[in-house]
Amino acid sequence: MKPVPGAASVIDGKAAAALIDSHVKAGVAQLESRLGRAPCLAVVLVGEDPASQVYVRNKVKRTEAAGMRSIEIRRDARIEEAELVGIVEALNADDAVDGILVQMPLPGHIDPYRVVETIDPDKDVDGLTATSAGRLVQGAPGLRPCTPSGCVWLARQALGELSGKSVVVIGRSILVGKPAAFLFLEQNCTVMLSHSRTLDLPEHCARADIVVAAAGRPEMVKGAWIKEGACVLDVGINRVDAPEKGEGGTKLVGDVAYDEAARRAGFITPVPGGIGPMTIAFLLVNTLKAAAARAGLAQPEAIRGL
Ligand SMILES: Nc1nc(=O)c2c([nH]1)NC[C@@H]1CN(c3ccc(C(=O)N[C@@H](CCC(=O)O)C(=O)O)cc3)C=[N+]21
């Protein structure tokens with residue numbers, strides 16, 4: 001792909017995710033006979049948050065479409081921490097379960113760290129446990145967080161070899177910002193990890209070949225900050241009021257002021273239809289990887305390099 005000045009190529013995350021899903025499906029077919037069963041992802045959803053319900057439904061649908069087994073465990077928001085920990089322990093002990101995802105956020109009376117740390121690191125398809133984070137930092141084999149994996153994959157599609165490129169990551173969350181910094185470092189990028197206390201963020205962005213916006217603040221990254229031709233990856237998914245859609249209307253926007261940024265960027269991901277679908281694609285990739293690794297089998301050819 002070649003950038004056109006003044007008109008960014010819009011990265012189609014849905015199409016990219018569909019391509020990765022098809023590789024996963026082929027990989028499942030390659031692995032299944034040696035495994036003697038389908039790879040299996042278990043999703044645990046606590047409470048009734050409507051956005052979470054949508055994501056979980058999408059995950060289940062795409063897991064099954066790729067030929068994998070899906071287990072969905074739903075519990076009332078009043079569940080006690082010990083019971084939730086018990087559910088995770090049972091999934092750890094179940095040899096037919098390859099991946100465990102506990103949907104965040106959890107209700108306030110539950111310590112998310114305690115629950116996450118219960119997950120067997122070899123089944124940690126979110127890459128959220130301290131063990132997975134340590135493996136990433138050390139460059140050791142392990143499961144990597146899905147959203148940052150999607151960011152790196154799309155940046156490689158857009159820009160090719162990433163070695164030496166400068167990256168500004170905005171946001172230092174455990175699930176996205178911090179692992180994104182280390183995954184781009186693994187690609188030999190020069191990484192700046194910025195956050196709410198960073199001074200002169202526009203000046204840092206102006207030098208970045210790749211901007212990863214993951215602060216959770218609607219449209220905070222302005223078009224004028226973006227270097228001509230840069231690759232802008234918008235991780236934010238913010239539901240905001242949209243009075244133009246009538247009373248009570250809402251819409252989804254990212255962390256990037258899209259229209260402005262698209263006039264300067266070489267490549268940009270939209271919201272929705274950008275990074276979001278890639279997150280689920282890499283969740284499926286991780287489930288397949290976990291299934292192979294746990295069985296002591298080689299990674300299926302179809303997902304090599306993912
Ligand atoms: N343990 C855990 N792991 C997660 O990975 C995790 C989580 N908890 N809690 C919630 C967030 C959110 N998340 C999304 C995944 C896909 C889309 C996605 O595919 N969005 C579509 C549709 C958006 C829409 O229309 O609502 C898009 O951006 O095009 C969005 C959000 C994963 N999360």
# chains A, B, ... in the order shown; residues from 1 in each chain; ligands from 1
$ select_by_dssp --residues "range 51-252 of chain A" --states "helix (DSSP H, G or I)" --output "JSON, numbers by chain"
{"A": [51, 52, 53, 54, 55, 56, 57, 58, 59, 60, 61, 62, 63, 64, 65, 81, 82, 83, 84, 85, 86, 87, 88, 89, 90, 91, 92, 93, 112, 113, 114, 115, 116, 117, 118, 121, 122, 123, 130, 131, 132, 133, 134, 135, 136, 137, 138, 146, 147, 148, 149, 150, 151, 152, 153, 154, 155, 156, 157, 158, 159, 177, 178, 179, 180, 181, 182, 183, 184, 185, 186, 201, 202, 203, 204, 205, 206, 223, 224, 225, 243, 244, 245]}
$ residues_near_ligand --ligand "ligand 1" --cutoff "6 Å" --atoms "only C-alpha atoms and all ligand atoms" --output "list in words"
Tyr55, Leu101, Val102, Gln103, Met104, Asp126, Val271, Pro272, Gly273, Gly274, Gly276, Pro277, Thr279 and Ile280 of chain A
$ write_last_selection --atoms "C-alpha atoms" --output "CSV table (one decimal), in the first residue's frame"
chain,number,residue,atom,x,y,z
A,55,TYR,CA,-18.5,-8.5,22.5
A,101,LEU,CA,-11.0,-15.2,29.0
A,102,VAL,CA,-12.6,-13.4,31.9
A,103,GLN,CA,-14.4,-10.3,30.5
A,104,MET,CA,-13.4,-7.0,32.1
A,126,ASP,CA,-5.7,-12.4,26.8
A,271,VAL,CA,-13.9,3.1,14.6
A,272,PRO,CA,-15.8,0.8,14.3
A,273,GLY,CA,-14.3,-1.6,11.8
A,274,GLY,CA,-10.6,-1.0,12.6
A,276,GLY,CA,-11.8,-3.9,17.3
A,277,PRO,CA,-12.4,-6.8,14.9
A,279,THR,CA,-8.7,-8.1,18.8
A,280,ILE,CA,-11.1,-11.0,18.3
$ closest_residue --among "A:Asp21, A:Asp234, A:Glu228, A:Glu301" --to "Ala257 in chain A" --atoms "only C-alpha atoms"
A:Asp234
$ residues_around --residues "Lys289 in chain A" --least-positions-apart "6" --cutoff "12 Å" --atoms "only C-alpha atoms" --output "number ranges by chain"
A: 24, 27-28, 31, 39-41, 98-99, 122-125, 141-144, 282-283, 295-306
$ residues_around --residues "Val116 in chain A" --least-positions-apart "2" --cutoff "9 Å" --atoms "only C-alpha atoms" --output "number ranges by chain"
A: 85, 88, 101-102, 111-114, 118-120, 124, 128-130
$ write_last_selection --atoms "C-alpha atoms" --output "PDB file, in the first residue's frame"
ATOM      1  CA  VAL A  85     -11.993 -17.953  41.340  1.00  0.00           C
ATOM      2  CA  VAL A  88     -11.481 -20.268  36.739  1.00  0.00           C
ATOM      3  CA  LEU A 101     -10.974 -15.166  29.002  1.00  0.00           C
ATOM      4  CA  VAL A 102     -12.608 -13.365  31.922  1.00  0.00           C
ATOM      5  CA  ASP A 111     -10.377  -7.933  42.798  1.00  0.00           C
ATOM      6  CA  PRO A 112      -9.599  -8.351  39.089  1.00  0.00           C
ATOM      7  CA  TYR A 113      -5.907  -9.136  39.794  1.00  0.00           C
ATOM      8  CA  ARG A 114      -6.819 -12.060  42.045  1.00  0.00           C
ATOM      9  CA  THR A 118      -5.804 -17.607  38.915  1.00  0.00           C
ATOM     10  CA  ILE A 119      -5.748 -18.218  35.137  1.00  0.00           C
ATOM     11  CA  ASP A 120      -3.228 -20.861  34.018  1.00  0.00           C
ATOM     12  CA  ASP A 124      -4.124 -17.005  29.216  1.00  0.00           C
ATOM     13  CA  LEU A 128      -3.142 -10.553  31.022  1.00  0.00           C
ATOM     14  CA  THR A 129      -1.404 -12.552  33.751  1.00  0.00           C
ATOM     15  CA  ALA A 130       1.860 -11.427  35.349  1.00  0.00           C
TER      16      ALA A 130
END
$ residues_around --residues "Val169 in chain A" --least-positions-apart "5" --cutoff "12 Å" --atoms "only C-alpha atoms" --output "tab-separated table (two decimals) with C-alpha atoms, in the first residue's frame"
chain	number	residue	atom	x	y	z
A	148	PRO	CA	-1.56	-4.89	20.51
A	151	CYS	CA	-1.89	-3.23	15.95
A	152	VAL	CA	1.51	-4.68	15.02
A	176	VAL	CA	-3.10	-2.45	25.58
A	177	GLY	CA	-0.57	0.37	26.11
A	178	LYS	CA	2.23	-1.41	27.96
A	179	PRO	CA	2.17	-4.60	25.88
A	180	ALA	CA	1.90	-2.55	22.65
A	181	ALA	CA	5.14	-0.79	23.60
A	182	PHE	CA	6.96	-4.12	24.05
A	183	LEU	CA	5.49	-5.71	20.91
A	184	PHE	CA	6.66	-2.77	18.76
A	185	LEU	CA	10.04	-2.94	20.52
A	189	CYS	CA	10.92	0.04	16.63
A	190	THR	CA	11.92	3.01	18.80
A	191	VAL	CA	9.03	3.32	21.21
A	192	MET	CA	7.74	6.17	23.30
A	193	LEU	CA	5.12	5.16	25.86
A	194	SER	CA	3.07	8.23	26.73
A	195	HIS	CA	0.18	8.80	29.15
A	196	SER	CA	-1.96	11.43	30.82
A	198	THR	CA	3.16	13.30	29.31
A	201	LEU	CA	2.49	15.00	23.36
A	204	HIS	CA	6.20	13.61	20.19
A	205	CYS	CA	3.43	12.55	17.79
A	208	ALA	CA	6.05	9.29	15.00
A	209	ASP	CA	5.80	6.96	12.01
A	210	ILE	CA	3.17	5.01	13.96
A	211	VAL	CA	0.70	6.36	16.53
A	212	VAL	CA	-1.20	3.91	18.74
A	213	ALA	CA	-4.05	5.79	20.43
A	214	ALA	CA	-5.22	3.83	23.48
A	215	ALA	CA	-6.04	6.40	26.13
A	221	VAL	CA	-5.52	12.95	19.18
A	232	VAL	CA	-2.54	5.92	12.86
A	233	LEU	CA	-3.97	2.99	14.85
A	234	ASP	CA	-7.02	3.96	16.88
A	235	VAL	CA	-7.71	1.54	19.72
A	255	ASP	CA	-9.41	8.29	20.53
$ residues_around --residues "Gly266 in chain A" --least-positions-apart "4" --cutoff "6 Å" --atoms "only C-alpha atoms" --output "ChimeraX atom specification"
/A:3,8,229-231
$ write_last_selection --atoms "N, CA and C atoms" --output "mmCIF file, in the first residue's frame"
data_model
loop_
_atom_site.group_PDB
_atom_site.id
_atom_site.type_symbol
_atom_site.label_atom_id
_atom_site.label_comp_id
_atom_site.auth_asym_id
_atom_site.auth_seq_id
_atom_site.Cartn_x
_atom_site.Cartn_y
_atom_site.Cartn_z
ATOM 1 N N PRO A 3 1.000 5.471 0.558
ATOM 2 C CA PRO A 3 0.216 6.608 1.058
ATOM 3 C C PRO A 3 0.035 7.669 -0.013
ATOM 4 N N ALA A 8 -5.606 9.595 3.467
ATOM 5 C CA ALA A 8 -5.071 8.363 4.051
ATOM 6 C C ALA A 8 -5.762 7.141 3.448
ATOM 7 N N GLY A 229 1.780 11.154 6.303
ATOM 8 C CA GLY A 229 2.075 9.783 5.880
ATOM 9 C C GLY A 229 2.140 8.755 6.997
ATOM 10 N N ALA A 230 1.960 9.178 8.251
ATOM 11 C CA ALA A 230 2.073 8.248 9.381
ATOM 12 C C ALA A 230 0.943 7.214 9.364
ATOM 13 N N CYS A 231 1.167 6.136 10.125
ATOM 14 C CA CYS A 231 0.163 5.083 10.287
ATOM 15 C C CYS A 231 -0.517 5.286 11.649
#
$ atom_distance --atom1 "CA of Leu252 in chain A" --atom2 "CA of Ala51 in chain A"
11.6 Å
